[in-house]
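Since the structure comes first, as structure tokens, the remarks are kept for the end.
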Amino acid sequence: MIKQEVLKKLKEAKLIPVVRVKKESDAEKVAEALIEAGVKAIEITMTVEGAVEVIHTLAIEYRKEIIIGAGTVLSKVDAKRVIDAGAEFVVSPCFLEEVVDTCQTENILVIPGTLTPTEIIKAYKYGADAVKIFPASSAGGPKFIKSIKAVFPFIPLVPTGGVNIETAVDYLKAGADMLGVGTDIVTPALVNEGKFNVITEKAKNFINKITQFVNTGQ
């Protein structure tokens with residue numbers, strides 16, 4: 001899938017659950033729980049043991065159902081590894097030129113992390129397809145996103161870090177194009193207890209809220 005189509009589908013889905021767990025087996029179970037909920041995109045972070053293998057497995061088994069991305073990518077070597085494994089978008093917590101360069105060379109969607117207006121415009125002008133605002137809640141939450149979107153309406157924004165079920169719609173109303181959601185869906189205690197069915201329900205709740213917002217604006 002070309003990256004323009006990936007970006008379009010991510011904007012339509014609006015929700016990107018971030019899978020940051022310890023074990024490869026847990027990451028696969030969480031991914032399956034999220035797919036059961038109906039999510040359209042999943043980000044597997046490189047902090048997961050065997051992350052590249054997880055991405056490869058999911059890309060083979062579920063490519064027709066979801067868009068698989070890689071998160072916490074911090075080098076050109078890892079960017080190439082996850083792309084070769086099948087990742088269709090690459091996310092980093094900060095702006096790293098070598099990661100953007102690699103993704104551009106491979107024609108893969110790249111979403112670097114930024115925080116300040118200077119970082120945001122620098123990353124976008126360098127070649128980012130969308131820009132992650134991290135940590136979003138610490139930066140000021142939806143009010144910060146609204147302020148940034150007012151001056152950079154042309155930049156797709158992905159607030160991540162502290163986004164939860166209570167604030168999700170507020171972020172979308174503020175102008176967020178997509179939401180990166182971690183522990184409010186993939187809660188560590190639920191993973192440790194093997195309660196993957198609860199993770200499914202949490203994801204469904206997000207999807208329902210987002211769908212209601214898309215349909216009604218509320």
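Here, A, B, ... name the chains of the structure tokens in the order displayed, residue numbers run from 1 inside each chain, and ligands are numbered from 1 in the same displayed order.
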*Using backbone DSSP assignments, extract all strand (DSSP E) residues from chain A; output them as a VMD selection string.*
chain A and resid 15 to 19 41 to 45 67 to 71 89 to 91 109 to 111 113 to 114 131 to 133 157 to 159 179 to 181
*Contact residues around Ile148 of chain A with only C-alpha atoms at 12 Å, ignoring same-chain residues under 6 positions, as an MDAnalysis selection string*: chainID A and resid 114:121 131 133 136 139:142 154:159 171 174:176
Would you export the selected residues with N, CA and C atoms as a tab-separated table (two decimals), in the first residue's frame, please?
chain	number	residue	atom	x	y	z
A	114	THR	N	7.43	15.11	18.28
A	114	THR	CA	7.84	16.50	18.51
A	114	THR	C	7.05	17.03	19.70
A	115	LEU	N	7.40	18.25	20.12
A	115	LEU	CA	6.65	18.87	21.21
A	115	LEU	C	6.43	20.36	20.97
A	116	THR	N	7.49	21.07	20.61
A	116	THR	CA	7.37	22.53	20.45
A	116	THR	C	6.98	22.89	19.03
A	117	PRO	N	6.44	24.10	18.81
A	117	PRO	CA	6.13	24.54	17.45
A	117	PRO	C	7.34	24.48	16.52
A	118	THR	N	8.51	24.80	17.03
A	118	THR	CA	9.72	24.76	16.19
A	118	THR	C	10.02	23.33	15.75
A	119	GLU	N	9.92	22.38	16.68
A	119	GLU	CA	10.15	20.98	16.34
A	119	GLU	C	9.12	20.48	15.34
A	120	ILE	N	7.87	20.88	15.54
A	120	ILE	CA	6.78	20.41	14.68
A	120	ILE	C	7.01	20.84	13.24
A	121	ILE	N	7.26	22.11	13.01
A	121	ILE	CA	7.42	22.59	11.63
A	121	ILE	C	8.73	22.09	11.03
A	131	VAL	N	2.88	14.34	12.24
A	131	VAL	CA	3.74	14.65	13.37
A	131	VAL	C	3.09	14.19	14.67
A	133	ILE	N	2.66	14.39	18.60
A	133	ILE	CA	2.86	15.33	19.70
A	133	ILE	C	3.00	14.51	20.97
A	136	ALA	N	1.59	14.39	24.90
A	136	ALA	CA	0.53	15.35	24.62
A	136	ALA	C	-0.10	15.93	25.88
A	139	ALA	N	2.02	18.46	27.60
A	139	ALA	CA	2.19	19.70	26.83
A	139	ALA	C	1.01	20.64	26.97
A	140	GLY	N	-0.11	20.14	27.49
A	140	GLY	CA	-1.28	20.99	27.62
A	140	GLY	C	-2.55	20.36	27.09
A	141	GLY	N	-2.46	19.13	26.63
A	141	GLY	CA	-3.65	18.39	26.19
A	141	GLY	C	-4.34	18.99	24.99
A	142	PRO	N	-5.66	18.85	24.91
A	142	PRO	CA	-6.41	19.35	23.75
A	142	PRO	C	-6.22	20.84	23.48
A	154	PHE	N	-2.26	22.56	8.18
A	154	PHE	CA	-1.90	21.63	7.10
A	154	PHE	C	-1.09	20.44	7.59
A	155	ILE	N	-0.71	20.43	8.87
A	155	ILE	CA	0.11	19.33	9.39
A	155	ILE	C	-0.78	18.32	10.12
A	156	PRO	N	-0.81	17.07	9.70
A	156	PRO	CA	-1.55	16.04	10.44
A	156	PRO	C	-0.90	15.80	11.81
A	157	LEU	N	-1.69	15.92	12.86
A	157	LEU	CA	-1.18	15.80	14.22
A	157	LEU	C	-1.67	14.52	14.88
A	158	VAL	N	-0.76	13.88	15.62
A	158	VAL	CA	-1.08	12.63	16.31
A	158	VAL	C	-0.70	12.75	17.79
A	159	PRO	N	-1.58	13.33	18.62
A	159	PRO	CA	-1.25	13.40	20.04
A	159	PRO	C	-1.15	12.01	20.66
A	171	TYR	N	-9.62	15.82	22.08
A	171	TYR	CA	-8.48	15.94	21.18
A	171	TYR	C	-8.94	16.04	19.73
A	174	ALA	N	-10.33	19.35	18.98
A	174	ALA	CA	-9.25	20.34	18.93
A	174	ALA	C	-8.49	20.32	17.61
A	175	GLY	N	-8.71	19.26	16.82
A	175	GLY	CA	-8.06	19.20	15.52
A	175	GLY	C	-7.10	18.05	15.31
A	176	ALA	N	-6.99	17.16	16.30
A	176	ALA	CA	-6.12	15.99	16.13
A	176	ALA	C	-6.64	15.13	14.98
*Considering only C-alpha atoms, state which residue in the set A:Ile35, A:Glu24, A:Asn208, A:Leu74 is at the smallest distance from Gly50 of chain A.*
A:Glu24
*Neighbour list for Lys9 of chain A as a PyMOL selection string, cut-off 9 Å, only C-alpha atoms, skip fewer than 3 positions in-chain*: chain A and resi 4-6+12-14+40-41+67
*Can you check which residues of segment 84-200 of chain A DSSP gives as helix (DSSP H, G or I) on the backbone and send them as a count of residues only?*
54
_Please report the interatomic distance between atom CA of Val181 of chain A and atom CA of Lys202 of chain A in Å with one decimal._
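Distance between the two atoms: 11.0 Å.
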*Expressed in Å to a single decimal, how great is the separation between atom CA of Thr167 of chain A and atom CA of Lys11 of chain A?*
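Those two atoms sit 17.9 Å apart.
Of the listed residues A:Thr72, A:Asn192, A:Ser147, A:Gln218, the one whose atoms come nearest to Thr47 of chain A is A:Thr72, with distances taken using only C-alpha atoms.
Compared by their closest atoms to Thr200 of chain A, and using only C-alpha atoms, the residues A:Met1, A:Pro188, A:Lys29, A:Ala37 rank with A:Ala37 nearest.
Rounded to one decimal, atom CA of Glu201 of chain A and atom CA of Val163 of chain A lie 17.0 Å from each other.
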*Skipping near chain neighbours, those fewer than 2 positions away, what residues fall within 10 Å of Ser92 of chain A using only C-alpha atoms, listed as a PyMOL selection string?*
chain A and resi 45-46+70-75+79+90+94-96+99-100+110-114+131-132+134
For the residues selected in the previous step, produce a file with C-alpha atoms as a CSV table (one decimal), in the first residue's frame.
chain,number,residue,atom,x,y,z
A,45,THR,CA,6.9,-0.6,19.8
A,46,MET,CA,10.5,-1.6,19.5
A,70,ALA,CA,6.4,0.2,14.3
A,71,GLY,CA,6.9,2.5,17.2
A,72,THR,CA,9.9,3.8,19.3
A,73,VAL,CA,12.1,3.5,16.2
A,74,LEU,CA,15.4,5.3,17.0
A,75,SER,CA,17.8,4.5,14.2
A,79,ALA,CA,13.7,1.6,10.6
A,90,VAL,CA,7.1,4.1,11.4
A,94,CYS,CA,11.5,12.3,18.8
A,95,PHE,CA,12.6,13.8,15.4
A,96,LEU,CA,15.5,11.8,14.0
A,99,VAL,CA,14.7,7.6,10.5
A,100,VAL,CA,12.8,10.1,8.3
A,110,VAL,CA,6.9,8.3,8.9
A,111,ILE,CA,5.5,10.0,12.1
A,112,PRO,CA,8.3,11.5,14.2
A,113,GLY,CA,7.7,12.8,17.7
A,114,THR,CA,7.8,16.5,18.5
A,131,VAL,CA,3.7,14.6,13.4
A,132,LYS,CA,3.4,13.0,16.7
A,134,PHE,CA,4.5,13.6,22.7
*Given only C-alpha atoms as the counted atoms, nearest of A:Val198, A:Leu34, A:Ile207, A:Thr216 to Lys173 of chain A*: A:Thr216
*With a distance cut-off of 10 Å and only C-alpha atoms, select the neighbouring residues of Pro17 of chain A, excluding the residue or stretch itself and same-chain residues fewer than 6 positions from it, and output the selection as a VMD selection string.*
chain A and resid 31 34 39 to 44 160 179 to 186 203 206
*asked:* Just checking: using only C-alpha atoms, which residue out of A:Arg81, A:Asn164, A:Glu98, A:Phe196 ends up closest to Glu28 of chain A?
replied: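 Looking only at the distances to Glu28 of chain A, the closest residue turns out to be A:Phe196.
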*asked:* Measuring between only C-alpha atoms, which one of A:Ala123, A:Leu58, A:Ala85, A:Ile68 shows the shortest distance to Ile16 of chain A?
replied: A:Ile68
